[in-house]
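Inspection log for the structure reproduced underneath, given as structure tokens.
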Amino acid sequence: MERTFCIAPMLDWTDRHQRFLARLLTRRALLYTEMVNPAAVVLGDRREHLDYNPCEHPVALQLGGSDPDLMARAASMAEDWGYDEINMNVGCPSERGLSNRFGACLMAEPEVVAACVEAMIEAVSIPVTVKCRLGIDGQDSHEWLVGFVGRLVRAGCRTFVIHARHARLDGLSPRQNRSIPPLRYAEVHRLKRDHPELEIVLNGGLRTLEEARAHLAVVDGVMLGREAYVNPYLLARVDQKIFGEERPVLSRREILEAFFQYAELQIRRGVGLPVLARPLLGFYQGRPRSRVWRRHLSEGSLRPGAGIEVLREALEIAEGGPGTARHRAPD
Ligand SMILES: Cc1cc2nc3c(=O)[nH]c(=O)nc-3n(C[C@H](O)[C@H](O)[C@H](O)COP(=O)(O)O)c2cc1C
């Protein structure tokens with residue numbers, strides 16, 4: 001499967017609506033779900049946790065857990081549901097992760113991660129991959145990383161998404177842990193150079209497609225997180241700039257018109273307007289009318305009885321069309 005350009009799993013952000021939008025913007029990127037608790041998949045409402053739109057393919061489900069049996073059962077259900085890959089979260093540094101044993105704290109327990117990977121590989125025929133950090137407090141030398149990865153390779157994992165900073169589990173919030181530990185891309189590059197047989201996807205701090213391309217000269221893939229969410233229109237050029245496709249780049253309006261059709265259907269099915277408007281907030285990032293666009297979406301979508309017209313008005317405002325006058329007129 002092609003992992004040249006991936007959009008990161010982000011809790012509360014990469015829900016199925018954001019992923020639908022991402023797929024309108026790029027046909028080639030690999031999309032990741034938010035992290036899902038395997039117990040919720042196995043014991044809870046499967047539809048709620050696993051549903052996605054068929055257009056999202058290729059799409060990977062990320063699981064966060066440490067019980068090999070539960071992870072394997074959830075992975076198997078996800079395969080039946082049609083997912084293209086299962087990714088194990090070994091990078092999230094939250095308090096909840098520490099107390100419930102998922103995420104970055106598992107970097108201290110390579111045997112547990114290996115047992116989960118083995119159990120999942122046994123249970124499914126789709127790829128099982130791991131997303132991790134360079135290390136955790138006190139265990140972040142290159143040798144340590146090579147040992148950690150090596151253990152998972154023996155468990156059968158071949159593909160590693162590496163957030164190029166270590167995680168500090170000594171009190172930094174997850175947000176601080178995404179900016180304070182320094183980015184060390186050279187470590188990820190070295191891992192790939194020393195182990196060309198592994199598939200290595202580099203993640204962390206990438207803001208432009210030019211940066212992404214530069215890393216692709218060394219590693220197999222790149223993964224964008226925050227920038228893909230706060231500036232989604234960046235993704236409109238991925239197929240051309242990363243994959244060399246020659247199709248014309250779609251305009252903001254073209255993408256949004258297509259998303260509005262989808263949103264209209266979702267609203268009829270009972271999805272709230274704010275949920276649908278949220279992944280659009282950054283769509284005009286860096287453009288003169290970005291602020292009014294955001295304001296109209298966030299305030300308008302909360303108005304009682306608000307419907308799809310709020311999104312259409314926002315588009316006209318952002319594009320400087322007829323809606324601008326309507327927007328400025330007193331109610
Ligand atoms: C709001 C938010 C939620 C996140 N949730 C997850 C998650 O569920 N699983 C995961 O592996 N990483 C999660 N991450 C980390 C991202 O996947 C990514 O590794 C990190 O943001 C660094 O990449 P970036 O600098 O491109 O954003 C989250 C990040 C953000 C900003």
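Residues in the structure tokens are named by chain (A, B, ... in the order shown) and by number from 1 within that chain; ligands are numbered from 1 in the order shown.
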So which bits of region 42-245 of chain A end up alpha helix (DSSP H) when you DSSP the backbone, as a ChimeraX atom specification? /A:42-43,46-50,68-81,95-100,110-123,142-154,185-194,209-216,226-230,238-241
Within 10 Å of ligand 1, counting only C-alpha atoms and all ligand atoms, residues as JSON, numbers by chain: {"A": [6, 7, 8, 9, 10, 11, 12, 13, 14, 32, 33, 34, 35, 36, 37, 62, 63, 64, 87, 88, 89, 90, 91, 92, 93, 94, 103, 104, 130, 131, 132, 133, 161, 162, 163, 164, 165, 174, 175, 177, 178, 179, 183, 202, 203, 204, 205, 206, 207, 222, 223, 224, 225, 226, 227, 228, 229, 230]}
Selection above as a file: C-alpha atoms, as a PDB file, in the first residue's frame:
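Written out: result17.pdb:
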```pdb
ATOM      1  CA  CYS A   6      -0.233  10.249   5.081  1.00  0.00           C
ATOM      2  CA  ILE A   7      -2.592  12.385   7.128  1.00  0.00           C
ATOM      3  CA  ALA A   8      -2.037  11.761  10.814  1.00  0.00           C
ATOM      4  CA  PRO A   9      -4.483  10.232  13.277  1.00  0.00           C
ATOM      5  CA  MET A  10      -5.759  13.078  15.466  1.00  0.00           C
ATOM      6  CA  LEU A  11      -8.259  12.533  18.226  1.00  0.00           C
ATOM      7  CA  ASP A  12     -11.389  14.693  17.819  1.00  0.00           C
ATOM      8  CA  TRP A  13      -9.986  16.081  14.561  1.00  0.00           C
ATOM      9  CA  THR A  14      -9.713  13.306  11.973  1.00  0.00           C
ATOM     10  CA  TYR A  32      -5.855   7.628   9.401  1.00  0.00           C
ATOM     11  CA  THR A  33      -8.781   7.573  11.783  1.00  0.00           C
ATOM     12  CA  GLU A  34      -8.646   9.067  15.240  1.00  0.00           C
ATOM     13  CA  MET A  35      -7.302   6.652  17.820  1.00  0.00           C
ATOM     14  CA  VAL A  36      -9.977   4.142  18.773  1.00  0.00           C
ATOM     15  CA  ASN A  37     -10.086   2.092  21.957  1.00  0.00           C
ATOM     16  CA  GLN A  62      -5.597   3.409  14.608  1.00  0.00           C
ATOM     17  CA  LEU A  63      -5.990   1.395  17.786  1.00  0.00           C
ATOM     18  CA  GLY A  64      -4.748   2.475  21.206  1.00  0.00           C
ATOM     19  CA  ASN A  87      -1.985   1.066  13.130  1.00  0.00           C
ATOM     20  CA  MET A  88      -1.016   0.750  16.765  1.00  0.00           C
ATOM     21  CA  ASN A  89      -0.602   3.973  18.739  1.00  0.00           C
ATOM     22  CA  VAL A  90       2.665   3.941  20.659  1.00  0.00           C
ATOM     23  CA  GLY A  91       3.175   7.684  20.523  1.00  0.00           C
ATOM     24  CA  CYS A  92       0.428   9.416  22.466  1.00  0.00           C
ATOM     25  CA  PRO A  93       1.799  10.850  25.729  1.00  0.00           C
ATOM     26  CA  SER A  94      -1.464  11.579  27.605  1.00  0.00           C
ATOM     27  CA  GLY A 103       0.323   5.239  23.653  1.00  0.00           C
ATOM     28  CA  ALA A 104       3.869   6.442  24.283  1.00  0.00           C
ATOM     29  CA  VAL A 130       3.190   1.039  14.483  1.00  0.00           C
ATOM     30  CA  LYS A 131       3.262   4.778  15.146  1.00  0.00           C
ATOM     31  CA  CYS A 132       5.797   5.718  17.787  1.00  0.00           C
ATOM     32  CA  ARG A 133       8.188   8.419  18.985  1.00  0.00           C
ATOM     33  CA  VAL A 161       5.529   5.904  11.459  1.00  0.00           C
ATOM     34  CA  ILE A 162       7.929   7.881  13.603  1.00  0.00           C
ATOM     35  CA  HIS A 163       7.075  11.194  15.206  1.00  0.00           C
ATOM     36  CA  ALA A 164      10.583  12.645  15.164  1.00  0.00           C
ATOM     37  CA  ARG A 165      10.791  13.729  18.802  1.00  0.00           C
ATOM     38  CA  PRO A 174       0.087  16.128  25.150  1.00  0.00           C
ATOM     39  CA  ARG A 175       0.073  19.526  23.480  1.00  0.00           C
ATOM     40  CA  ASN A 177       4.726  17.104  24.023  1.00  0.00           C
ATOM     41  CA  ARG A 178       4.024  18.002  20.408  1.00  0.00           C
ATOM     42  CA  SER A 179       6.263  21.059  20.511  1.00  0.00           C
ATOM     43  CA  LEU A 183      12.493  17.535  16.385  1.00  0.00           C
ATOM     44  CA  LEU A 202       8.473  10.489   9.030  1.00  0.00           C
ATOM     45  CA  ASN A 203       6.121  12.651  11.083  1.00  0.00           C
ATOM     46  CA  GLY A 204       6.346  15.848  13.100  1.00  0.00           C
ATOM     47  CA  GLY A 205       6.465  19.566  12.369  1.00  0.00           C
ATOM     48  CA  LEU A 206       6.010  19.428   8.587  1.00  0.00           C
ATOM     49  CA  ARG A 207       4.342  22.590   7.288  1.00  0.00           C
ATOM     50  CA  VAL A 222       5.734  11.523   5.325  1.00  0.00           C
ATOM     51  CA  MET A 223       2.805  12.156   7.631  1.00  0.00           C
ATOM     52  CA  LEU A 224       1.246  15.565   8.218  1.00  0.00           C
ATOM     53  CA  GLY A 225      -0.873  16.241  11.261  1.00  0.00           C
ATOM     54  CA  ARG A 226      -1.679  19.729  12.453  1.00  0.00           C
ATOM     55  CA  GLU A 227      -0.904  21.547   9.228  1.00  0.00           C
ATOM     56  CA  ALA A 228      -3.257  19.277   7.290  1.00  0.00           C
ATOM     57  CA  TYR A 229      -6.016  20.230   9.708  1.00  0.00           C
ATOM     58  CA  VAL A 230      -5.427  23.920  10.290  1.00  0.00           C
TER      59      VAL A 230
END
```
Please identify all polymer residues within 8 Å of Arg294 (chain A), counting only C-alpha atoms, omitting same-chain residues fewer than 3 positions from it, and present them as a PyMOL selection string. chain A and resi 281-282+290-291+297-298
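Coordinates place CA of Arg213 (chain A) at a distance of 22.4 Å from CA of Ser251 (chain A).
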Please list as an MDAnalysis selection string every residue within 12 Å of Glu264 (chain A), counting only C-alpha atoms and excluding residues in the same chain fewer than 3 positions away. chainID A and resid 256:261 267:273 276:277 306:312
Preceding selection exported with N, CA and C atoms as a PDB file, in the first residue's frame:
```
ATOM      1  N   LEU A 256     -15.328  22.931  -1.951  1.00  0.00           N
ATOM      2  CA  LEU A 256     -16.368  23.232  -0.958  1.00  0.00           C
ATOM      3  C   LEU A 256     -17.760  22.873  -1.485  1.00  0.00           C
ATOM      4  N   GLU A 257     -18.014  23.146  -2.759  1.00  0.00           N
ATOM      5  CA  GLU A 257     -19.326  22.786  -3.329  1.00  0.00           C
ATOM      6  C   GLU A 257     -19.552  21.278  -3.157  1.00  0.00           C
ATOM      7  N   ALA A 258     -18.511  20.501  -3.411  1.00  0.00           N
ATOM      8  CA  ALA A 258     -18.651  19.043  -3.270  1.00  0.00           C
ATOM      9  C   ALA A 258     -18.866  18.668  -1.801  1.00  0.00           C
ATOM     10  N   PHE A 259     -18.164  19.344  -0.909  1.00  0.00           N
ATOM     11  CA  PHE A 259     -18.333  19.034   0.510  1.00  0.00           C
ATOM     12  C   PHE A 259     -19.736  19.423   0.982  1.00  0.00           C
ATOM     13  N   PHE A 260     -20.263  20.523   0.448  1.00  0.00           N
ATOM     14  CA  PHE A 260     -21.599  20.957   0.886  1.00  0.00           C
ATOM     15  C   PHE A 260     -22.665  19.920   0.508  1.00  0.00           C
ATOM     16  N   GLN A 261     -22.494  19.296  -0.642  1.00  0.00           N
ATOM     17  CA  GLN A 261     -23.456  18.243  -1.033  1.00  0.00           C
ATOM     18  C   GLN A 261     -23.439  17.120  -0.014  1.00  0.00           C
ATOM     19  N   ILE A 267     -26.586  16.277   7.259  1.00  0.00           N
ATOM     20  CA  ILE A 267     -27.533  17.035   8.095  1.00  0.00           C
ATOM     21  C   ILE A 267     -28.875  16.307   8.110  1.00  0.00           C
ATOM     22  N   ARG A 268     -29.290  15.811   6.943  1.00  0.00           N
ATOM     23  CA  ARG A 268     -30.562  15.071   6.881  1.00  0.00           C
ATOM     24  C   ARG A 268     -30.500  13.823   7.740  1.00  0.00           C
ATOM     25  N   ARG A 269     -29.303  13.288   7.901  1.00  0.00           N
ATOM     26  CA  ARG A 269     -29.154  12.084   8.743  1.00  0.00           C
ATOM     27  C   ARG A 269     -28.969  12.429  10.213  1.00  0.00           C
ATOM     28  N   GLY A 270     -29.014  13.739  10.524  1.00  0.00           N
ATOM     29  CA  GLY A 270     -28.991  14.130  11.937  1.00  0.00           C
ATOM     30  C   GLY A 270     -27.637  14.600  12.460  1.00  0.00           C
ATOM     31  N   VAL A 271     -26.631  14.714  11.581  1.00  0.00           N
ATOM     32  CA  VAL A 271     -25.318  15.207  12.033  1.00  0.00           C
ATOM     33  C   VAL A 271     -25.430  16.723  12.256  1.00  0.00           C
ATOM     34  N   GLY A 272     -24.834  17.201  13.338  1.00  0.00           N
ATOM     35  CA  GLY A 272     -24.940  18.626  13.677  1.00  0.00           C
ATOM     36  C   GLY A 272     -24.086  19.492  12.752  1.00  0.00           C
ATOM     37  N   LEU A 273     -24.580  20.684  12.465  1.00  0.00           N
ATOM     38  CA  LEU A 273     -23.842  21.593  11.576  1.00  0.00           C
ATOM     39  C   LEU A 273     -22.450  21.959  12.125  1.00  0.00           C
ATOM     40  N   LEU A 276     -19.886  19.491  11.183  1.00  0.00           N
ATOM     41  CA  LEU A 276     -19.535  19.496   9.758  1.00  0.00           C
ATOM     42  C   LEU A 276     -18.730  20.738   9.390  1.00  0.00           C
ATOM     43  N   ALA A 277     -18.976  21.824  10.122  1.00  0.00           N
ATOM     44  CA  ALA A 277     -18.276  23.078   9.803  1.00  0.00           C
ATOM     45  C   ALA A 277     -16.838  23.057  10.329  1.00  0.00           C
ATOM     46  N   ALA A 306     -30.007  26.612  12.251  1.00  0.00           N
ATOM     47  CA  ALA A 306     -29.078  26.865  11.140  1.00  0.00           C
ATOM     48  C   ALA A 306     -28.942  25.620  10.273  1.00  0.00           C
ATOM     49  N   GLY A 307     -28.825  25.836   8.979  1.00  0.00           N
ATOM     50  CA  GLY A 307     -28.682  24.711   8.046  1.00  0.00           C
ATOM     51  C   GLY A 307     -27.541  24.960   7.084  1.00  0.00           C
ATOM     52  N   ILE A 308     -27.573  24.216   6.000  1.00  0.00           N
ATOM     53  CA  ILE A 308     -26.488  24.242   5.027  1.00  0.00           C
ATOM     54  C   ILE A 308     -26.238  25.657   4.471  1.00  0.00           C
ATOM     55  N   GLU A 309     -27.287  26.526   4.539  1.00  0.00           N
ATOM     56  CA  GLU A 309     -27.123  27.872   3.963  1.00  0.00           C
ATOM     57  C   GLU A 309     -25.987  28.631   4.650  1.00  0.00           C
ATOM     58  N   VAL A 310     -25.721  28.289   5.919  1.00  0.00           N
ATOM     59  CA  VAL A 310     -24.627  28.974   6.629  1.00  0.00           C
ATOM     60  C   VAL A 310     -23.293  28.707   5.916  1.00  0.00           C
ATOM     61  N   LEU A 311     -23.100  27.476   5.482  1.00  0.00           N
ATOM     62  CA  LEU A 311     -21.849  27.135   4.793  1.00  0.00           C
ATOM     63  C   LEU A 311     -21.791  27.866   3.439  1.00  0.00           C
ATOM     64  N   ARG A 312     -22.913  27.894   2.755  1.00  0.00           N
ATOM     65  CA  ARG A 312     -22.932  28.566   1.442  1.00  0.00           C
ATOM     66  C   ARG A 312     -22.686  30.073   1.588  1.00  0.00           C
TER      67      ARG A 312
END
```
Who sits within 12 Å of Arg190 (chain A), only C-alpha atoms, same chain under 6 positions skipped, as a tab-separated table (two decimals) with C-alpha atoms, in the first residue's frame:
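Contents of the output file around.tsv:
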```
chain	number	residue	atom	x	y	z
A	134	LEU	CA	11.99	8.43	18.93
A	142	HIS	CA	19.56	5.88	18.60
A	143	GLU	CA	20.67	2.46	19.86
A	145	LEU	CA	15.30	3.13	19.13
A	146	VAL	CA	16.98	0.52	16.96
A	164	ALA	CA	10.58	12.65	15.16
A	184	ARG	CA	15.31	15.21	15.36
A	196	PRO	CA	16.56	0.10	4.11
A	198	LEU	CA	12.02	-1.15	6.74
A	200	ILE	CA	9.77	4.42	7.44
A	202	LEU	CA	8.47	10.49	9.03
A	215	HIS	CA	12.24	14.16	3.37
A	218	VAL	CA	15.40	9.78	2.27
A	219	VAL	CA	12.37	8.10	3.82
```
Nearest to Ala214 (chain A) among A:Tyr185, A:Asp170, A:Tyr52, A:Tyr83, with distances taken over only C-alpha atoms: which residue is it? A:Tyr185
Give me the residues within 12 Å of Glu109 (chain A) as a list in words, counting only C-alpha atoms and dropping any in the same chain fewer than 4 places off. Ser66, Val90, Arg101, Phe102, Gly103, Ala104, Cys105, Val113, Ala114, Ala115, Cys116, Gly135, Ile136, Gln139, Gly147, Phe148, Val149, Arg151 and Leu152 of chain A
What's around Pro58 (chain A) at 7 Å? Count only C-alpha atoms, leave out sequence neighbours fewer than 3 positions away in its own chain, and write the answer as a compact mmCIF listing (two decimals) with C-alpha atoms, in the first residue's frame.
```txt
# COMPACT_ATOMS: atom_id res chain seq x y z
CA LEU A 30 -3.41 7.57 3.11
CA LEU A 31 -5.92 8.66 5.75
CA ASP A 84 -6.87 -1.14 4.66
```
Select from region 20-136 of chain A everything DSSP, run on the backbone, classes as strand (DSSP E or B), then give the selection as a VMD selection string. chain A and resid 30 to 36 59 to 63 85 to 90 128 to 133 136
